[in-house]
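Accompanying notes for the structure given below.
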Amino acid sequence: MTKGFLTIAAVLALVLLFAAAAVPEEITIPETEPITAPEPTVSAQIPTARYRLTADERELICEVVMAESGIEPFDGKMAVSQCILNACEKTGKRPAEIVEEYGYTDRRVEPNAETREAVAAVFDAGETVTDAKILFFYAPVLVSSEWHESQTYVCTIGGHRFFEEAGK
């Protein structure tokens with residue numbers, strides 16, 4: 001009986017030895033894709049812009065707003081943006097035509113993040129600093145303008161006075 005028991009024990013030891021050799025030292029679990037909620041519909045992700053701009057138009061407006069009101073507070077940058085938007089909506093003309101027709105500065109200044117945010121707030125989100133349809137502004141410290149003062153005064157933001165068209 002001892003010989004049979006020893007044989008069984010030796011076979012069992014060999015089986016365990018082979019089984020242990022077949023198991024890898026590290027067990028790796030294959031990576032799986034994380035489970036995520038379904039994406040919301042496109043209309044929920046991207047609100048409808050008040051006034052759709054091309055990339056070139058957006059850059060032009062940002063550069064003009066920066067040149068005209070770069071040192072003004074955020075609301076001043078929004079108000080200049082609002083003047084451009086109101087003129088586009090009033091005339092049906094695109095921003096480049098408005099910049100030329102309304103006599104905005106020829107200087108083009110690299111816009112900062114705050115200026116880009118102000119332009120986006122006005123053109124994309126439709127935010128305004130006033131309900132008045134402001135179209136014109138000037139900086140009295142830099143120039144005097146009887147013409148601007150003949151329009152309907154709306155507000156002063158920073159160093160600029162803003163006006164809507166007289167009689168409207």
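Just so we're on the same page: first chain in the structure tokens is A, next is B, and so on; residues restart at 1 for each chain, and ligands are numbered from 1 in the order they show up.
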
May I have the residues within 10 Å of Glu57 in chain A as JSON, numbers by chain, using only C-alpha atoms and disregarding those fewer than 6 positions away in the same chain? {"A": [63, 94, 95, 96]}

Fewer than 6 positions away in the same chain doesn't count, so skip those; otherwise give me all residues within 12 Å of range 103-115 of chain A, counting only C-alpha atoms, as a PyMOL selection string. chain A and resi 58-81+83-84+95-97+121-122+135-138

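Take the candidates A:Gln82, A:Ala166, A:Tyr51, A:Lys93 and check each one against Ala118 in chain A using only C-alpha atoms; the shortest distance goes to A:Gln82.
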
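The two atoms in question, CA of His160 in chain A and CA of Ala132 in chain A, are spaced 15.6 Å apart.
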
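Take CA of Gly167 in chain A and CA of Val99 in chain A: the distance between them is 23.1 Å.
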
Contacts of Gln151 in chain A at 8 Å or less, counting only C-alpha atoms, minus same-chain residues fewer than 3 places along, as a PyMOL selection string? chain A and resi 147-148+163-166

Kindly give the distance, in Å, that separates CA of Asp56 in chain A and CA of Thr130 in chain A, rounded to a single decimal. 26.7 Å

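Residue nearest Arg50 in chain A within the list A:Gly92, A:Leu142, A:Gly126, A:Glu117: A:Gly126 [criterion: smallest interatomic distance, only C-alpha atoms].
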
Just checking: using only C-alpha atoms, which residue out of A:Glu89, A:Arg116, A:Glu146, A:Val141 ends up closest to Gly159 in chain A? A:Val141

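Every residue of range 101-140 of chain A with a DSSP assignment of alpha helix (DSSP H), taken from the backbone, is listed as Glu101, Ala113, Glu114, Thr115, Arg116, Glu117, Ala118, Val119, Ala120, Ala121, Val122 and Phe123 of chain A.
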